[in-house]
>>> print(open('structure.csv').read())   # CSV, C-alpha atoms
chain,number,residue,atom,x,y,z
A,1,THR,CA,14.5,-25.2,-86.5
A,2,THR,CA,17.0,-25.7,-83.7
A,3,THR,CA,16.8,-21.9,-82.7
A,4,THR,CA,13.0,-21.9,-82.6
A,5,THR,CA,12.8,-25.0,-80.4
A,6,THR,CA,15.3,-23.5,-77.9
A,7,THR,CA,13.3,-20.2,-77.8
A,8,THR,CA,10.1,-22.0,-77.2
A,9,THR,CA,11.6,-24.1,-74.5
A,10,THR,CA,13.0,-21.0,-72.8
A,11,THR,CA,9.7,-19.2,-73.0
A,12,THR,CA,7.9,-22.2,-71.5
A,13,VAL,CA,10.4,-22.4,-68.6
A,14,VAL,CA,10.1,-18.7,-68.0
A,15,ALA,CA,6.3,-18.8,-68.1
A,16,SER,CA,6.2,-21.8,-65.8
A,17,SER,CA,8.6,-20.1,-63.4
A,18,SER,CA,6.5,-16.9,-63.4
A,19,LEU,CA,3.3,-18.9,-62.7
A,20,LYS,CA,5.0,-20.7,-59.9
A,21,ARG,CA,6.1,-17.3,-58.3
A,22,VAL,CA,2.6,-15.9,-58.6
A,23,ASP,CA,1.2,-19.1,-57.0
A,24,GLU,CA,3.7,-18.9,-54.2
A,25,ASN,CA,3.0,-15.1,-53.7
A,26,LYS,CA,-0.8,-15.9,-53.6
A,27,LYS,CA,-0.2,-18.6,-51.0
A,28,THR,CA,2.0,-16.3,-49.0
A,29,ASN,CA,-0.7,-13.5,-49.1
A,30,ILE,CA,-3.4,-16.0,-48.0
A,31,THR,CA,-1.1,-17.2,-45.2
A,32,LYS,CA,-0.6,-13.6,-44.2
A,33,ILE,CA,-4.3,-12.9,-44.3
A,34,HIS,CA,-5.1,-15.9,-42.1
A,35,SER,CA,-2.2,-15.0,-39.8
A,36,ASN,CA,-3.6,-11.5,-39.5
A,37,ARG,CA,-7.1,-12.8,-38.7
A,38,ARG,CA,-5.6,-15.1,-36.0
A,39,THR,CA,-3.7,-12.2,-34.6
A,40,LEU,CA,-6.8,-10.0,-34.6
A,41,LEU,CA,-8.8,-12.8,-32.9
A,42,VAL,CA,-6.1,-13.4,-30.3
A,43,SER,CA,-5.8,-9.6,-29.7
A,44,SER,CA,-9.6,-9.3,-29.3
A,45,THR,CA,-9.7,-12.2,-27.0
A,46,SER,CA,-6.7,-10.9,-25.0
A,47,LEU,CA,-8.3,-7.5,-24.7
A,48,PHE,CA,-11.6,-9.0,-23.5
A,49,SER,CA,-9.7,-11.1,-21.0
A,50,LEU,CA,-7.7,-8.1,-19.9
A,51,VAL,CA,-10.8,-6.0,-19.4
A,52,SER,CA,-12.5,-8.8,-17.5
A,53,MET,CA,-9.4,-9.2,-15.3
A,54,ILE,CA,-9.4,-5.5,-14.6
A,55,ILE,CA,-13.1,-5.4,-13.7
A,56,GLN,CA,-12.7,-8.3,-11.3
A,57,SER,CA,-9.5,-7.1,-9.8
A,58,PRO,CA,-9.7,-5.8,-6.2
A,59,LEU,CA,-7.2,-3.2,-7.3
A,60,LEU,CA,-9.7,-1.6,-9.7
A,61,SER,CA,-10.1,1.5,-7.7
A,62,SER,CA,-6.4,2.3,-8.1
A,63,SER,CA,-6.1,1.0,-11.7
A,64,PRO,CA,-5.4,3.5,-14.5
A,65,PHE,CA,-8.1,1.7,-16.5
A,66,GLU,CA,-10.8,2.7,-14.0
A,67,ALA,CA,-11.3,6.1,-15.6
A,68,VAL,CA,-11.5,4.6,-19.1
A,69,ILE,CA,-14.1,2.0,-18.1
A,70,ALA,CA,-16.1,4.5,-16.0
A,71,ALA,CA,-16.0,7.1,-18.8
A,72,HIS,CA,-17.4,4.5,-21.3
A,73,ALA,CA,-20.1,3.4,-18.9
A,74,SER,CA,-21.0,7.1,-18.2
A,75,THR,CA,-21.1,7.9,-21.9
A,76,THR,CA,-23.4,4.9,-22.6
A,77,THR,CA,-25.7,5.9,-19.7
A,78,ILE,CA,-25.8,9.5,-20.8
A,79,HIS,CA,-26.6,8.5,-24.4
A,80,LYS,CA,-29.4,6.2,-23.2
A,81,GLU,CA,-30.9,8.9,-20.9
A,82,LYS,CA,-30.9,11.3,-23.8
A,83,GLU,CA,-32.8,8.8,-25.9
A,84,ILE,CA,-35.2,8.2,-23.0
A,85,ARG,CA,-35.8,11.9,-22.4
A,86,LYS,CA,-36.2,12.6,-26.2
A,87,ASN,CA,-38.9,9.9,-26.5
A,88,LEU,CA,-40.5,10.9,-23.2
A,89,ARG,CA,-41.0,14.5,-24.4
A,90,GLN,CA,-42.4,13.3,-27.7
A,91,VAL,CA,-44.9,11.0,-25.9
A,92,LEU,CA,-46.0,13.6,-23.4
A,93,GLU,CA,-46.6,16.1,-26.2
A,94,SER,CA,-48.8,13.6,-28.0
A,95,LYS,CA,-50.7,12.4,-24.9
A,96,ILE,CA,-51.1,15.3,-22.5
A,97,GLN,CA,-53.7,17.9,-23.5
A,98,LYS,CA,-53.9,21.4,-22.0
A,99,THR,CA,-57.4,20.8,-20.6
A,100,LYS,CA,-56.1,17.8,-18.7
A,101,CYS,CA,-53.1,19.6,-17.1
A,102,PRO,CA,-54.8,20.5,-13.8
A,103,ALA,CA,-55.9,16.9,-13.3
A,104,VAL,CA,-52.4,15.6,-14.2
A,105,LEU,CA,-50.7,17.9,-11.8
A,106,ARG,CA,-53.1,16.8,-9.0
A,107,VAL,CA,-52.0,13.2,-9.5
A,108,VAL,CA,-48.4,14.2,-8.8
A,109,PHE,CA,-49.3,15.6,-5.4
A,110,HIS,CA,-51.5,12.7,-4.4
A,111,ASP,CA,-48.8,10.2,-5.4
A,112,ALA,CA,-46.0,12.0,-3.6
A,113,GLY,CA,-48.2,13.0,-0.6
A,114,THR,CA,-48.1,9.6,1.0
A,115,PHE,CA,-44.5,10.0,2.1
A,116,ASN,CA,-43.7,9.8,5.8
A,117,LYS,CA,-40.3,11.2,6.9
A,118,ALA,CA,-40.3,9.3,10.2
A,119,SER,CA,-40.8,5.8,8.7
A,120,ASN,CA,-39.1,6.8,5.4
A,121,ASP,CA,-41.7,5.1,3.2
A,122,GLY,CA,-44.4,6.1,0.7
A,123,GLY,CA,-43.8,9.0,-1.6
A,124,MET,CA,-43.4,9.1,-5.3
A,125,ASN,CA,-43.8,5.5,-6.2
A,126,GLY,CA,-46.8,5.1,-8.4
A,127,SER,CA,-48.9,3.7,-5.5
A,128,VAL,CA,-51.7,6.1,-6.5
A,129,LEU,CA,-52.7,3.5,-8.9
A,130,TYR,CA,-53.9,1.4,-6.0
A,131,GLU,CA,-55.4,4.2,-4.0
A,132,LEU,CA,-58.2,5.4,-6.4
A,133,GLY,CA,-60.9,4.2,-4.0
A,134,ARG,CA,-60.0,6.6,-1.2
A,135,PRO,CA,-62.2,9.7,-0.6
A,136,GLU,CA,-59.3,12.1,-1.2
A,137,SER,CA,-58.6,10.4,-4.6
A,138,PHE,CA,-62.0,11.2,-6.1
A,139,GLY,CA,-61.6,12.4,-9.7
A,140,LEU,CA,-57.9,11.3,-10.0
A,141,LYS,CA,-58.7,8.9,-12.8
A,142,ARG,CA,-59.1,11.9,-15.1
A,143,GLY,CA,-55.5,12.8,-14.7
A,144,LEU,CA,-54.1,9.3,-14.3
A,145,LYS,CA,-55.5,8.0,-17.6
A,146,PRO,CA,-53.3,10.1,-19.9
A,147,ILE,CA,-50.3,9.4,-17.7
A,148,LYS,CA,-50.8,5.7,-18.0
A,149,GLU,CA,-51.0,6.1,-21.7
A,150,VAL,CA,-47.6,7.8,-21.6
A,151,TYR,CA,-46.2,4.9,-19.6
A,152,GLU,CA,-47.6,2.3,-22.0
A,153,GLU,CA,-46.3,4.1,-25.0
A,154,MET,CA,-42.8,4.4,-23.5
A,155,LYS,CA,-42.9,0.6,-22.8
A,156,ALA,CA,-44.0,0.0,-26.4
A,157,ARG,CA,-40.9,2.0,-27.6
A,158,GLY,CA,-38.6,-0.1,-25.5
A,159,PHE,CA,-38.1,2.5,-22.7
A,160,GLY,CA,-40.1,0.9,-19.9
A,161,ASP,CA,-38.7,0.1,-16.5
A,162,GLU,CA,-38.1,-3.5,-17.5
A,163,ASN,CA,-35.5,-2.1,-19.9
A,164,ASP,CA,-34.0,0.3,-17.4
A,165,GLY,CA,-36.2,3.0,-18.8
A,166,VAL,CA,-39.0,4.9,-17.0
A,167,SER,CA,-41.4,3.7,-14.3
A,168,LEU,CA,-45.0,4.8,-13.9
A,169,ALA,CA,-43.8,7.0,-11.0
A,170,ASP,CA,-41.3,8.7,-13.4
A,171,CYS,CA,-44.1,9.3,-15.9
A,172,ILE,CA,-46.3,10.9,-13.2
A,173,ALA,CA,-43.5,13.2,-12.1
A,174,CYS,CA,-42.6,14.2,-15.6
A,175,ALA,CA,-46.2,14.6,-16.8
A,176,GLY,CA,-46.7,17.1,-13.9
A,177,SER,CA,-43.7,19.0,-15.0
A,178,TYR,CA,-44.9,19.0,-18.6
A,179,ALA,CA,-48.3,20.2,-17.5
A,180,VAL,CA,-46.7,23.2,-15.8
A,181,GLU,CA,-44.8,23.9,-19.0
A,182,LEU,CA,-47.8,23.5,-21.3
A,183,THR,CA,-49.9,26.0,-19.3
A,184,GLY,CA,-47.2,28.7,-19.6
A,185,GLY,CA,-45.2,27.9,-16.4
A,186,PRO,CA,-41.4,27.2,-16.1
A,187,LYS,CA,-39.9,24.6,-18.4
A,188,PHE,CA,-38.0,22.1,-16.4
A,189,LEU,CA,-39.0,18.6,-17.7
A,190,GLU,CA,-35.4,17.6,-18.5
A,191,SER,CA,-34.4,18.5,-14.9
A,192,VAL,CA,-36.8,16.1,-13.3
A,193,PRO,CA,-34.7,13.1,-12.1
A,194,LEU,CA,-35.6,9.6,-13.4
A,195,GLY,CA,-35.1,6.2,-11.7
A,196,ARG,CA,-38.0,5.8,-9.4
A,197,LYS,CA,-39.3,2.3,-8.5
A,198,ASP,CA,-43.0,1.5,-8.7
A,199,ALA,CA,-44.8,0.1,-5.7
A,200,SER,CA,-46.9,-3.0,-6.0
A,201,SER,CA,-49.6,-2.0,-3.5
A,202,ALA,CA,-51.1,1.1,-1.8
A,203,ASP,CA,-49.3,3.3,0.6
A,204,PRO,CA,-50.6,3.8,4.2
A,205,GLU,CA,-53.7,6.0,4.5
A,206,HIS,CA,-54.3,9.3,6.2
A,207,ARG,CA,-51.1,11.0,5.1
A,208,MET,CA,-52.6,13.5,2.7
A,209,PRO,CA,-53.4,16.9,4.2
A,210,ILE,CA,-57.1,17.5,4.6
A,211,GLU,CA,-58.6,20.7,3.1
A,212,THR,CA,-59.9,22.0,6.5
A,213,LEU,CA,-56.4,22.4,8.0
A,214,ARG,CA,-55.7,26.0,9.1
A,215,GLY,CA,-52.6,27.8,7.9
A,216,LYS,CA,-50.3,26.8,10.8
A,217,GLU,CA,-51.6,23.2,10.8
A,218,MET,CA,-50.9,22.9,7.1
A,219,ARG,CA,-47.3,24.2,7.5
A,220,GLU,CA,-46.7,21.8,10.4
A,221,HIS,CA,-48.1,18.9,8.3
A,222,PHE,CA,-45.7,19.6,5.5
A,223,GLN,CA,-42.7,20.0,7.9
A,224,SER,CA,-43.4,17.0,10.1
A,225,LEU,CA,-44.6,14.4,7.5
A,226,TYR,CA,-42.7,15.5,4.4
A,227,GLY,CA,-39.7,17.5,5.7
A,228,LEU,CA,-40.7,20.5,3.5
A,229,SER,CA,-40.3,24.1,4.7
A,230,SER,CA,-43.0,26.7,4.8
A,231,GLN,CA,-41.5,28.3,1.8
A,232,GLU,CA,-41.6,25.0,-0.2
A,233,MET,CA,-45.2,24.3,1.0
A,234,ILE,CA,-46.4,27.8,-0.1
A,235,ALA,CA,-44.6,27.5,-3.5
A,236,LEU,CA,-46.1,24.1,-4.2
A,237,SER,CA,-49.6,25.5,-3.2
A,238,GLY,CA,-49.2,27.8,-6.1
A,239,ALA,CA,-50.1,24.9,-8.4
A,240,HIS,CA,-53.7,25.7,-7.5
A,241,THR,CA,-53.4,28.6,-10.0
A,242,ILE,CA,-54.5,26.2,-12.7
A,243,GLY,CA,-57.8,24.4,-12.6
A,244,GLN,CA,-61.3,25.4,-11.8
A,245,LYS,CA,-60.6,26.9,-8.4
A,246,GLY,CA,-61.2,30.6,-9.3
A,247,PHE,CA,-57.6,31.8,-9.4
A,248,GLY,CA,-57.5,33.4,-12.7
A,249,ASP,CA,-57.5,31.5,-16.0
A,250,PRO,CA,-57.8,27.8,-15.3
A,251,TYR,CA,-55.2,26.9,-17.9
A,252,THR,CA,-52.5,29.5,-17.3
A,253,PHE,CA,-49.8,28.8,-14.8
A,254,ASP,CA,-48.9,32.1,-13.1
A,255,ASN,CA,-48.8,33.8,-9.7
A,256,GLU,CA,-52.5,34.7,-9.7
A,257,TYR,CA,-53.1,32.3,-6.8
A,258,PHE,CA,-50.9,34.5,-4.5
A,259,VAL,CA,-52.4,37.7,-5.9
A,260,THR,CA,-55.8,36.4,-4.9
A,261,LEU,CA,-54.8,35.2,-1.5
A,262,LYS,CA,-53.2,38.6,-0.8
A,263,LYS,CA,-56.4,40.3,-1.8
A,264,ASP,CA,-58.4,38.0,0.5
A,265,PRO,CA,-61.7,38.0,-1.4
A,266,TRP,CA,-63.5,36.1,1.3
A,267,ASN,CA,-63.2,39.0,3.8
A,268,LEU,CA,-63.5,42.1,1.6
A,269,PRO,CA,-65.8,44.8,3.0
A,270,ASN,CA,-69.0,46.1,1.4
A,271,LEU,CA,-69.6,43.1,-0.8
A,272,THR,CA,-73.1,42.3,-2.0
A,273,LYS,CA,-74.7,39.0,-1.2
A,274,ASP,CA,-74.1,37.7,-4.7
A,275,GLU,CA,-70.4,38.7,-4.5
A,276,LEU,CA,-70.0,37.0,-1.2
A,277,GLU,CA,-71.6,33.8,-2.6
A,278,MET,CA,-69.4,34.0,-5.7
A,279,ASN,CA,-66.2,34.4,-3.6
A,280,GLU,CA,-67.1,31.4,-1.5
A,281,HIS,CA,-66.4,29.3,-4.6
A,282,ILE,CA,-62.8,30.5,-4.9
A,283,GLY,CA,-60.3,27.9,-3.8
A,284,LEU,CA,-60.5,25.3,-1.0
A,285,LEU,CA,-60.9,26.1,2.7
A,286,SER,CA,-57.2,25.4,3.2
A,287,ASP,CA,-56.4,28.0,0.5
A,288,ARG,CA,-58.2,30.8,2.4
A,289,TYR,CA,-56.7,29.7,5.7
A,290,LEU,CA,-53.0,29.8,4.5
A,291,ALA,CA,-52.5,33.5,4.9
A,292,GLU,CA,-53.7,33.3,8.6
A,293,ASP,CA,-50.2,32.2,9.5
A,294,GLU,CA,-47.6,34.9,9.6
A,295,GLU,CA,-44.8,32.6,8.3
A,296,ASN,CA,-47.0,31.5,5.4
A,297,ARG,CA,-48.2,35.1,4.7
A,298,LYS,CA,-44.6,36.3,4.2
A,299,TRP,CA,-44.1,34.0,1.2
A,300,ILE,CA,-47.6,34.5,-0.1
A,301,TYR,CA,-47.0,38.3,-0.3
A,302,LYS,CA,-43.5,37.7,-1.9
A,303,TYR,CA,-44.9,35.5,-4.7
A,304,ALA,CA,-47.8,37.8,-5.3
A,305,GLU,CA,-45.3,40.6,-6.1
A,306,ASP,CA,-42.6,38.5,-7.8
A,307,ALA,CA,-43.7,35.9,-10.3
A,308,GLY,CA,-40.1,35.0,-11.2
A,309,ALA,CA,-39.3,34.1,-7.6
A,310,PHE,CA,-42.4,31.9,-7.5
A,311,ASN,CA,-41.4,30.1,-10.7
A,312,LYS,CA,-37.9,29.4,-9.4
A,313,ASP,CA,-39.0,28.3,-6.0
A,314,PHE,CA,-41.8,26.1,-7.4
A,315,VAL,CA,-39.3,24.2,-9.6
A,316,ASP,CA,-37.0,23.6,-6.7
A,317,ALA,CA,-39.8,22.5,-4.4
A,318,TYR,CA,-41.4,20.3,-7.1
A,319,ILE,CA,-38.2,18.4,-7.7
A,320,LYS,CA,-37.8,17.9,-4.0
A,321,LEU,CA,-41.4,16.7,-3.6
A,322,THR,CA,-41.2,14.2,-6.5
A,323,THR,CA,-38.0,12.6,-5.1
A,324,LEU,CA,-39.5,11.9,-1.7
A,325,GLY,CA,-39.2,8.2,-0.9
A,326,VAL,CA,-36.9,7.6,-3.9
>>> encode(input="structure.csv", output="structure tokens")
Amino acid sequence: TTTTTTTTTTTTVVASSSLKRVDENKKTNITKIHSNRRTLLVSSTSLFSLVSMIIQSPLLSSSPFEAVIAAHASTTTIHKEKEIRKNLRQVLESKIQKTKCPAVLRVVFHDAGTFNKASNDGGMNGSVLYELGRPESFGLKRGLKPIKEVYEEMKARGFGDENDGVSLADCIACAGSYAVELTGGPKFLESVPLGRKDASSADPEHRMPIETLRGKEMREHFQSLYGLSSQEMIALSGAHTIGQKGFGDPYTFDNEYFVTLKKDPWNLPNLTKDELEMNEHIGLLSDRYLAEDEENRKWIYKYAEDAGAFNKDFVDAYIKLTTLGV
């Protein structure tokens, strides 16, 4: 009996001691966990404070952290722009139809064509929205309607200008680029810069070139008002290759415009009366006058013979045109 009692007592003491150690270990672990959480919180707070101090420091430009912060900001911006451009292409593909491409491209030229180099105002700013009542804007609603639908859809997706996304002017510039691509021209939508600001009213009148300008007058208009060279002006004029103007297939972007200008169908010899009347419907007056100017004619002939050169120069001139006033 005595032996049994002693064993029981010893077992109870050992068990009690073991439970006490487990309890103490548990408390120690909990204390460590709380301690670790406090350390993490303090570390995070310190890091936040450190970054804030660095950002506010006048020595930022020479700080080794500048590259880290700039790289993070750059990565974030690049990621967002990729998302914007991915969504923009999706929306353009769903809203812009091939039959609307000539009208869409016309809107681009009318929005950008209000730029004045001397006063450095106007240009690609969406002001065309307020200029639809002007004589030169007749028919622009046909092209502007799908572009506005693109803009509204981008806003609905959270990529509007209120969220540092695209403006209406951005959508106009990009829609024109997509119209060129959709009709078989060069693909450069992703190269069109973004970040334009929309105007809240119309730009000044009488800045668009009138269609009765002779070749030299048109060249001088583009140079003096827009700061564009004769080469850039001629390349941009090649956009008339699409649309119902008589320069080949109305929905195929190619160099047929220049081929036709070089042929000069308005002055061919030995034409019948019917042929003469038919040729009178080809292009605008300004189109047939372009080749009168020797400087213009040089580029017209070059693009008539080299479609690749036309495509390249058109893209460069288009991007320059759509950044006027930006």
>>> closest_residue(input="structure.csv", among="A:Ala202, A:Arg89, A:Arg207, A:Glu131", to="A:Glu153", atoms="all atoms listed in the file")
A:Arg89
>>> closest_residue(input="structure.csv", among="A:Phe222, A:Phe109, A:Phe258, A:Tyr251", to="A:Arg297", atoms="all atoms listed in the file")
A:Phe258
>>> atom_distance(input="structure.csv", atom1="atom CA of A:Gln223", atom2="atom CA of A:Ala112")
14.4 Å
>>> residues_around(input="structure.csv", residues="A:Gly126", least_positions_apart="5", cutoff="10 Å", atoms="all atoms listed in the file", output="list of chain:residue names")
A:Val107, A:Val108, A:His110, A:Asp111, A:Ala112, A:Glu131, A:Ser167, A:Leu168, A:Ala169, A:Asp170, A:Cys171, A:Ile172, A:Ala173, A:Arg196, A:Lys197, A:Asp198, A:Ala199, A:Ser200, A:Ser201, A:Ala202, A:Asp203
>>> atom_distance(input="structure.csv", atom1="atom CA of A:Glu232", atom2="atom CA of A:Ala317")
5.2 Å
>>> closest_residue(input="structure.csv", among="A:Leu194, A:Ile282, A:Leu144, A:Ala307", to="A:Gln244", atoms="all atoms listed in the file")
A:Ile282
>>> residues_around(input="structure.csv", residues="A:Val180", least_positions_apart="4", cutoff="10 Å", atoms="all atoms listed in the file", output="PyMOL selection string")
chain A and resi 98+101-102+104-105+174-176+184-189+239+242+251-254+315
>>> atom_distance(input="structure.csv", atom1="atom CA of A:Asn120", atom2="atom CA of A:Gly227")
10.7 Å
>>> closest_residue(input="structure.csv", among="A:Asp313, A:Glu205, A:Ile300, A:Lys245", to="A:Asp264", atoms="all atoms listed in the file")
A:Ile300
>>> closest_residue(input="structure.csv", among="A:Leu285, A:Met154, A:Leu225, A:Ala179", to="A:Ile210", atoms="all atoms listed in the file")
A:Leu285
>>> closest_residue(input="structure.csv", among="A:Thr241, A:Ser224, A:Lys302, A:Thr183", to="A:Ala118", atoms="only C-alpha atoms")
A:Ser224
